[in-house]
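Coordinates as given in input-v5.cif (mmCIF, C-alpha atoms):
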data_work
#
loop_
_atom_site.label_atom_id
_atom_site.label_comp_id
_atom_site.auth_asym_id
_atom_site.auth_seq_id
_atom_site.Cartn_x
_atom_site.Cartn_y
_atom_site.Cartn_z
CA LEU A 1 75.19 185.66 -19.29
CA GLN A 2 71.49 185.15 -19.69
CA ASP A 3 71.73 181.98 -17.62
CA PHE A 4 72.52 184.13 -14.60
CA THR A 5 70.24 187.12 -15.25
CA MET A 6 68.45 188.13 -12.09
CA LEU A 7 66.59 191.11 -13.56
CA GLU A 8 65.94 192.01 -17.15
CA TYR A 9 63.91 194.97 -18.32
CA TYR A 10 63.14 196.92 -21.47
CA ALA A 11 61.65 200.35 -22.04
CA ALA A 12 60.09 201.62 -25.23
CA TYR A 13 61.62 204.79 -26.70
CA TRP A 14 64.61 204.80 -24.35
CA ASN A 15 68.18 204.79 -25.52
CA TYR A 16 71.19 203.51 -23.62
CA ILE A 17 71.69 206.86 -21.84
CA ASP A 18 68.13 206.80 -20.51
CA ASN A 19 68.82 203.23 -19.40
CA MET A 20 72.03 204.22 -17.59
CA ASN A 21 70.20 207.04 -15.78
CA PHE A 22 67.40 204.70 -14.72
CA THR A 23 69.80 201.92 -13.72
CA GLU A 24 71.82 204.24 -11.50
CA LYS A 25 68.69 205.51 -9.71
CA LEU A 26 67.17 202.02 -9.43
CA LEU A 27 70.30 200.55 -7.84
CA GLN A 28 70.91 203.52 -5.55
CA GLN A 29 67.34 203.33 -4.24
CA ALA A 30 67.47 199.55 -3.77
CA ILE A 31 70.89 199.63 -2.09
CA GLU A 32 69.92 202.41 0.28
CA GLN A 33 66.65 200.73 1.22
CA CYS A 34 68.38 197.38 1.78
CA THR A 35 71.47 198.59 3.64
CA GLY A 36 70.47 202.01 5.00
CA SER A 37 73.45 203.62 3.24
CA LEU A 38 75.05 204.18 -0.15
CA GLN A 39 78.46 203.30 1.31
CA VAL A 40 78.63 199.53 1.43
CA PRO A 41 81.44 197.55 3.08
CA HIS A 42 83.16 195.02 0.85
CA GLY A 43 86.09 192.68 1.39
CA ALA A 44 88.16 194.58 -1.15
CA GLY A 45 87.21 198.01 0.23
CA GLU A 46 84.11 200.13 0.68
CA ILE A 47 81.92 200.69 -2.34
CA ASP A 48 80.46 204.19 -2.65
CA PHE A 49 77.21 204.13 -4.61
CA SER A 50 76.40 207.80 -4.03
CA GLY A 51 76.42 210.57 -6.62
CA SER A 52 76.68 210.16 -10.36
CA TRP A 53 78.78 207.21 -11.41
CA PRO A 54 81.57 207.84 -13.94
CA ARG A 55 80.86 207.06 -17.58
CA ARG A 56 84.05 206.10 -19.41
CA PRO A 57 84.44 205.04 -23.04
CA MET A 58 85.98 201.58 -23.36
CA ALA A 59 88.67 202.79 -25.80
CA ASP A 60 89.83 205.47 -23.32
CA LEU A 61 90.08 202.95 -20.49
CA ILE A 62 91.99 200.44 -22.63
CA GLN A 63 94.44 203.13 -23.72
CA GLN A 64 94.86 204.32 -20.12
CA TYR A 65 95.65 200.85 -18.76
CA SER A 66 97.39 199.18 -21.71
CA SER A 67 98.65 202.10 -23.85
CA ILE A 68 96.94 200.51 -26.86
CA ASP A 69 94.73 202.76 -28.98
CA ILE A 70 92.08 200.38 -30.30
CA SER A 71 90.64 203.17 -32.48
CA ALA A 72 93.93 203.40 -34.39
CA ASN A 73 94.10 199.62 -34.84
CA THR A 74 91.09 199.19 -37.08
CA ASP A 75 91.66 195.62 -38.23
CA VAL A 76 92.59 192.42 -36.47
CA ASP A 77 96.16 192.27 -37.83
CA GLN A 78 96.93 195.82 -36.67
CA LEU A 79 95.54 195.02 -33.24
CA ARG A 80 97.56 191.80 -33.00
CA GLY A 81 100.65 193.84 -33.89
CA ALA A 82 99.89 196.39 -31.17
CA LEU A 83 99.36 193.59 -28.63
CA SER A 84 102.66 191.97 -29.64
CA LYS A 85 104.49 195.30 -29.37
CA ALA A 86 103.01 195.81 -25.88
CA LYS A 87 103.99 192.21 -24.98
CA ILE A 88 100.39 191.29 -24.17
CA GLU A 89 99.59 187.68 -25.06
CA PHE A 90 96.37 185.63 -24.95
CA ASP A 91 95.85 181.93 -25.51
CA GLY A 92 94.09 181.43 -28.83
CA ALA A 93 94.63 185.02 -29.98
CA GLU A 94 95.52 183.84 -33.48
CA LYS A 95 91.92 182.61 -33.93
CA MET A 96 90.19 185.58 -32.32
CA GLY A 97 88.55 188.34 -34.31
CA ARG A 98 89.12 192.00 -33.49
CA GLY A 99 86.09 192.13 -31.16
CA ALA A 100 87.19 189.11 -29.14
CA LEU A 101 90.75 190.52 -28.87
CA ILE A 102 89.41 193.85 -27.62
CA ASP A 103 87.19 192.06 -25.11
CA GLU A 104 90.08 189.98 -23.79
CA LEU A 105 92.35 193.04 -23.61
CA TYR A 106 89.65 194.93 -21.69
CA LYS A 107 89.03 192.04 -19.29
CA ARG A 108 92.73 191.66 -18.50
CA THR A 109 93.89 195.27 -18.33
CA VAL A 110 90.87 197.39 -17.40
CA ARG A 111 88.15 195.52 -15.54
CA PRO A 112 90.33 194.36 -12.61
CA ARG A 113 91.30 198.00 -11.98
CA ILE A 114 87.78 199.38 -11.67
CA SER A 115 86.72 199.34 -8.04
CA GLN A 116 83.93 201.91 -7.68
CA PRO A 117 80.70 201.81 -9.75
CA THR A 118 81.66 202.83 -13.30
CA PHE A 119 79.69 202.73 -16.53
CA VAL A 120 81.97 201.51 -19.34
CA THR A 121 80.45 202.90 -22.54
CA SER A 122 81.02 203.10 -26.29
CA HIS A 123 81.96 199.48 -26.98
CA PRO A 124 83.32 198.86 -30.50
CA VAL A 125 80.68 197.61 -32.95
CA ASP A 126 82.70 194.46 -33.69
CA LEU A 127 82.38 193.60 -29.99
CA SER A 128 78.64 194.33 -29.94
CA PRO A 129 76.85 192.55 -32.80
CA LEU A 130 73.35 193.13 -31.39
CA ALA A 131 73.74 196.74 -30.23
CA ARG A 132 72.74 199.84 -32.18
CA ARG A 133 75.49 201.88 -33.85
CA ASN A 134 76.16 205.29 -32.37
CA ASP A 135 74.81 208.15 -34.49
CA ASP A 136 77.98 210.24 -34.14
CA ASP A 137 80.55 207.46 -34.51
CA PRO A 138 79.53 204.36 -36.52
CA HIS A 139 82.53 202.40 -35.14
CA ILE A 140 81.07 202.26 -31.63
CA SER A 141 77.77 201.02 -30.24
CA ASP A 142 75.24 202.53 -27.87
CA ARG A 143 76.13 200.08 -25.12
CA PHE A 144 77.27 200.13 -21.52
CA GLN A 145 78.41 197.83 -18.77
CA LEU A 146 78.31 198.65 -15.08
CA VAL A 147 81.51 197.42 -13.45
CA ILE A 148 82.05 197.28 -9.68
CA HIS A 149 85.21 195.83 -8.10
CA GLY A 150 86.18 194.16 -11.38
CA TRP A 151 82.80 192.50 -11.77
CA GLU A 152 80.50 193.17 -14.73
CA VAL A 153 77.20 193.70 -12.92
CA ILE A 154 75.14 194.97 -15.85
CA ASN A 155 75.39 194.78 -19.63
CA ALA A 156 72.91 196.82 -21.65
CA TYR A 157 72.49 198.57 -24.97
CA SER A 158 70.14 200.27 -27.36
CA GLU A 159 68.65 197.54 -29.54
CA LEU A 160 69.77 197.27 -33.15
CA VAL A 161 66.60 197.44 -35.26
CA ASP A 162 68.16 197.83 -38.72
CA PRO A 163 67.82 194.39 -40.37
CA ILE A 164 70.38 195.17 -43.09
CA ASP A 165 73.04 196.21 -40.58
CA GLN A 166 72.14 193.19 -38.43
CA ARG A 167 72.55 190.81 -41.38
CA VAL A 168 75.99 192.21 -42.23
CA ARG A 169 77.12 191.92 -38.62
CA LEU A 170 75.85 188.35 -38.25
CA GLU A 171 77.57 187.37 -41.52
CA VAL A 172 80.85 188.74 -40.17
CA GLN A 173 80.27 186.92 -36.87
CA ALA A 174 79.45 183.66 -38.66
CA GLN A 175 82.67 183.88 -40.68
CA LEU A 176 84.71 184.57 -37.53
CA ASN A 177 83.03 181.57 -35.89
CA ALA A 178 83.81 179.38 -38.91
CA ASP A 179 87.45 180.55 -38.71
CA GLY A 180 87.70 179.34 -35.11
CA ASP A 181 86.64 182.34 -32.96
CA ASP A 182 84.59 180.57 -30.28
CA GLU A 183 83.21 183.87 -28.98
CA ALA A 184 81.69 184.84 -32.36
CA MET A 185 78.02 184.21 -33.05
CA MET A 186 76.60 181.86 -35.68
CA MET A 187 74.20 182.96 -38.40
CA ASP A 188 70.60 183.06 -37.21
CA GLU A 189 68.14 183.47 -40.10
CA ASP A 190 65.12 183.14 -37.79
CA TYR A 191 66.40 186.06 -35.71
CA LEU A 192 66.95 188.16 -38.82
#
So that I can check it, write out the structure of this file as C-alpha coordinates.
Amino acid sequence: LQDFTMLEYYAAYWNYIDNMNFTEKLLQQAIEQCTGSLQVPHGAGEIDFSGSWPRRPMADLIQQYSSIDISANTDVDQLRGALSKAKIEFDGAEKMGRGALIDELYKRTVRPRISQPTFVTSHPVDLSPLARRNDDDPHISDRFQLVIHGWEVINAYSELVDPIDQRVRLEVQAQLNADGDDEAMMMDEDYL
(Lines of atoms letter the chains of each structure in order from A and count residues from 1; the text may use other names and numbers.)
(Lines give C-alpha, C1' and ligand atoms only; values in the text may rest on other atoms or scores of the structure.)
Protein backbone atom coordinates (compact mmCIF):
# COMPACT_ATOMS: atom_id res chain seq x y z
CA LEU A 1 0.00 0.00 0.00
CA GLN A 2 1.27 3.44 -0.82
CA ASP A 3 0.70 4.48 2.78
CA PHE A 4 3.53 2.15 3.79
CA THR A 5 5.93 2.65 0.87
CA MET A 6 9.46 3.05 2.12
CA LEU A 7 11.11 3.35 -1.30
CA GLU A 8 9.58 4.10 -4.65
CA TYR A 9 11.51 4.51 -7.88
CA TYR A 10 10.93 4.74 -11.61
CA ALA A 11 13.25 4.33 -14.57
CA ALA A 12 12.65 5.57 -18.08
CA TYR A 13 12.74 2.94 -20.84
CA TRP A 14 12.81 0.00 -18.44
CA ASN A 15 10.27 -2.78 -18.46
CA TYR A 16 9.31 -5.00 -15.55
CA ILE A 17 12.14 -7.46 -16.29
CA ASP A 18 14.74 -4.69 -16.09
CA ASN A 19 13.08 -3.65 -12.83
CA MET A 20 13.26 -7.18 -11.40
CA ASN A 21 16.95 -7.43 -12.31
CA PHE A 22 17.70 -4.07 -10.68
CA THR A 23 15.59 -4.84 -7.61
CA GLU A 24 17.37 -8.13 -7.01
CA LYS A 25 20.82 -6.50 -7.25
CA LEU A 26 19.76 -3.48 -5.15
CA LEU A 27 18.42 -5.65 -2.32
CA GLN A 28 21.32 -8.10 -2.41
CA GLN A 29 23.84 -5.26 -2.15
CA ALA A 30 21.92 -3.51 0.64
CA ILE A 31 21.38 -6.73 2.61
CA GLU A 32 25.00 -7.78 2.34
CA GLN A 33 26.28 -4.35 3.35
CA CYS A 34 23.89 -4.19 6.31
CA THR A 35 24.27 -7.74 7.60
CA GLY A 36 27.61 -8.90 6.17
CA SER A 37 25.90 -11.91 4.54
CA LEU A 38 23.20 -12.91 2.07
CA GLN A 39 21.98 -15.59 4.50
CA VAL A 40 19.82 -13.81 7.04
CA PRO A 41 18.39 -15.47 10.17
CA HIS A 42 14.63 -15.20 10.56
CA GLY A 43 12.21 -16.55 13.14
CA ALA A 44 10.60 -18.80 10.54
CA GLY A 45 13.93 -20.01 9.13
CA GLU A 46 16.97 -18.59 7.38
CA ILE A 47 16.38 -16.47 4.30
CA ASP A 48 18.90 -16.99 1.50
CA PHE A 49 19.17 -13.87 -0.65
CA SER A 50 22.05 -15.18 -2.77
CA GLY A 51 21.92 -16.14 -6.44
CA SER A 52 19.10 -15.45 -8.85
CA TRP A 53 15.70 -15.51 -7.24
CA PRO A 54 13.02 -17.71 -8.85
CA ARG A 55 10.53 -16.04 -11.18
CA ARG A 56 7.21 -17.89 -11.16
CA PRO A 57 4.03 -17.00 -13.04
CA MET A 58 1.09 -16.46 -10.70
CA ALA A 59 -1.15 -18.89 -12.64
CA ASP A 60 1.43 -21.69 -12.28
CA LEU A 61 1.73 -21.13 -8.53
CA ILE A 62 -2.05 -21.05 -8.05
CA GLN A 63 -2.44 -24.28 -10.00
CA GLN A 64 0.40 -25.91 -8.03
CA TYR A 65 -1.08 -25.04 -4.62
CA SER A 66 -4.83 -25.10 -5.31
CA SER A 67 -5.19 -27.27 -8.46
CA ILE A 68 -7.23 -24.45 -10.03
CA ASP A 69 -6.25 -23.37 -13.54
CA ILE A 70 -7.17 -19.68 -13.59
CA SER A 71 -6.30 -19.50 -17.31
CA ALA A 72 -9.04 -22.03 -18.09
CA ASN A 73 -11.58 -20.15 -15.95
CA THR A 74 -11.81 -16.98 -18.01
CA ASP A 75 -14.88 -15.42 -16.43
CA VAL A 76 -16.01 -14.89 -12.87
CA ASP A 77 -18.75 -17.55 -12.95
CA GLN A 78 -16.34 -20.24 -14.20
CA LEU A 79 -13.86 -19.29 -11.50
CA ARG A 80 -16.54 -19.38 -8.79
CA GLY A 81 -17.48 -22.85 -10.03
CA ALA A 82 -13.86 -24.02 -9.85
CA LEU A 83 -13.54 -22.61 -6.33
CA SER A 84 -16.74 -24.36 -5.26
CA LYS A 85 -15.57 -27.66 -6.77
CA ALA A 86 -12.26 -27.32 -4.90
CA LYS A 87 -14.21 -26.46 -1.70
CA ILE A 88 -12.43 -23.12 -1.35
CA GLU A 89 -14.67 -20.43 0.13
CA PHE A 90 -14.19 -16.71 0.78
CA ASP A 91 -16.40 -14.27 2.63
CA GLY A 92 -18.00 -11.92 0.11
CA ALA A 93 -16.97 -14.00 -2.90
CA GLU A 94 -20.39 -13.50 -4.51
CA LYS A 95 -19.61 -9.77 -4.88
CA MET A 96 -16.00 -10.13 -6.00
CA GLY A 97 -14.93 -9.81 -9.61
CA ARG A 98 -12.58 -12.31 -11.23
CA GLY A 99 -9.48 -10.27 -10.31
CA ALA A 100 -10.42 -10.02 -6.64
CA LEU A 101 -11.20 -13.77 -6.52
CA ILE A 102 -7.82 -14.59 -8.05
CA ASP A 103 -6.09 -12.27 -5.59
CA GLU A 104 -7.84 -13.88 -2.61
CA LEU A 105 -7.09 -17.38 -3.93
CA TYR A 106 -3.42 -16.44 -4.36
CA LYS A 107 -3.19 -14.88 -0.89
CA ARG A 108 -4.71 -17.93 0.78
CA THR A 109 -3.11 -20.79 -1.14
CA VAL A 110 0.20 -19.51 -2.52
CA ARG A 111 1.69 -16.62 -0.59
CA PRO A 112 1.89 -18.39 2.80
CA ARG A 113 3.90 -21.19 1.15
CA ILE A 114 6.62 -19.00 -0.32
CA SER A 115 9.51 -18.76 2.11
CA GLN A 116 12.58 -17.81 0.08
CA PRO A 117 12.76 -14.67 -2.12
CA THR A 118 10.54 -15.33 -5.14
CA PHE A 119 9.33 -13.04 -7.90
CA VAL A 120 5.66 -13.80 -8.64
CA THR A 121 5.11 -12.65 -12.23
CA SER A 122 2.48 -12.54 -14.96
CA HIS A 123 -0.51 -11.34 -12.93
CA PRO A 124 -3.84 -11.52 -14.79
CA VAL A 125 -4.86 -8.21 -16.39
CA ASP A 126 -8.14 -8.15 -14.44
CA LEU A 127 -6.05 -8.13 -11.25
CA SER A 128 -3.75 -5.38 -12.55
CA PRO A 129 -5.76 -2.43 -13.92
CA LEU A 130 -2.78 -0.06 -14.07
CA ALA A 131 -0.15 -2.45 -15.44
CA ARG A 132 0.83 -2.84 -19.09
CA ARG A 133 -0.46 -5.88 -20.98
CA ASN A 134 2.12 -8.47 -21.94
CA ASP A 135 3.04 -8.40 -25.63
CA ASP A 136 2.90 -12.20 -25.99
CA ASP A 137 -0.21 -12.86 -23.88
CA PRO A 138 -2.80 -10.05 -23.59
CA HIS A 139 -4.49 -11.81 -20.64
CA ILE A 140 -1.54 -11.17 -18.32
CA SER A 141 0.30 -8.02 -17.27
CA ASP A 142 3.96 -7.11 -17.09
CA ARG A 143 3.93 -7.10 -13.30
CA PHE A 144 5.76 -8.75 -10.44
CA GLN A 145 5.70 -9.04 -6.69
CA LEU A 146 8.63 -10.06 -4.54
CA VAL A 147 7.43 -12.41 -1.81
CA ILE A 148 9.56 -13.49 1.16
CA HIS A 149 8.20 -15.68 3.97
CA GLY A 150 4.62 -15.04 2.87
CA TRP A 151 5.09 -11.28 2.86
CA GLU A 152 4.66 -9.15 -0.25
CA VAL A 153 7.78 -6.99 -0.04
CA ILE A 154 7.59 -5.36 -3.47
CA ASN A 155 4.88 -4.78 -6.05
CA ALA A 156 5.94 -3.37 -9.42
CA TYR A 157 4.96 -3.31 -13.06
CA SER A 158 5.52 -1.77 -16.45
CA GLU A 159 3.27 1.29 -16.63
CA LEU A 160 0.19 1.15 -18.84
CA VAL A 161 0.47 4.11 -21.23
CA ASP A 162 -2.35 3.24 -23.65
CA PRO A 163 -5.23 5.60 -22.72
CA ILE A 164 -7.84 3.55 -24.62
CA ASP A 165 -6.91 0.32 -22.83
CA GLN A 166 -6.77 2.23 -19.53
CA ARG A 167 -10.27 3.64 -20.06
CA VAL A 168 -11.73 0.20 -20.79
CA ARG A 169 -10.08 -1.26 -17.70
CA LEU A 170 -11.25 1.56 -15.44
CA GLU A 171 -14.80 1.23 -16.80
CA VAL A 172 -14.75 -2.48 -15.94
CA GLN A 173 -13.33 -1.66 -12.49
CA ALA A 174 -15.97 1.02 -11.89
CA GLN A 175 -18.76 -1.42 -12.77
CA LEU A 176 -17.30 -4.06 -10.43
CA ASN A 177 -17.11 -1.42 -7.70
CA ALA A 178 -20.72 -0.39 -8.32
CA ASP A 179 -21.72 -4.08 -8.08
CA GLY A 180 -20.17 -4.33 -4.62
CA ASP A 181 -16.53 -5.38 -5.22
CA ASP A 182 -14.76 -3.25 -2.60
CA GLU A 183 -11.34 -4.02 -4.08
CA ALA A 184 -12.25 -2.62 -7.53
CA MET A 185 -11.26 0.91 -8.47
CA MET A 186 -13.63 3.79 -9.22
CA MET A 187 -13.61 5.74 -12.47
CA ASP A 188 -10.99 8.49 -12.50
CA GLU A 189 -11.44 10.87 -15.44
CA ASP A 190 -8.63 13.15 -14.24
CA TYR A 191 -6.23 10.19 -14.30
CA LEU A 192 -7.34 9.22 -17.79
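Atom pair CA of Thr109 in chain A / CA of Leu61 in chain A: separated by 8.8 Å.
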Neighbours of Ala156 in chain A within 10 Å (all atoms listed in the file; same-chain residues fewer than 2 positions away dropped), as a list in words?
Glu8, Tyr9, Tyr10, Tyr16, Asn19, Met20, Thr23, Thr121, Ala131, Asp142, Arg143, Phe144, Gln145, Leu146, Ile154, Ser158 and Glu159 of chain A
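The closest residue to His42 in chain A, picked from A:Asp137, A:Asn177, A:Asp182, A:Ser115 and counting all atoms listed in the file, is A:Ser115.
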Contacts of range 28-33 of chain A at 12 Å (only C-alpha atoms; same-chain gap of 2+ positions) as a VMD selection string:
chain A and resid 21 to 26 35 to 41 47 to 53 117
If the PyMOL selection byres ((chain A and resi 133) around 10) is run on the structure shown, which residues does it catch, given as a PyMOL selection string?
chain A and resi 122-125+128-132+134-143+157-160+162+165
CA of His149 in chain A to CA of Arg108 in chain A, distance in Å rounded to a single decimal:
13.5 Å
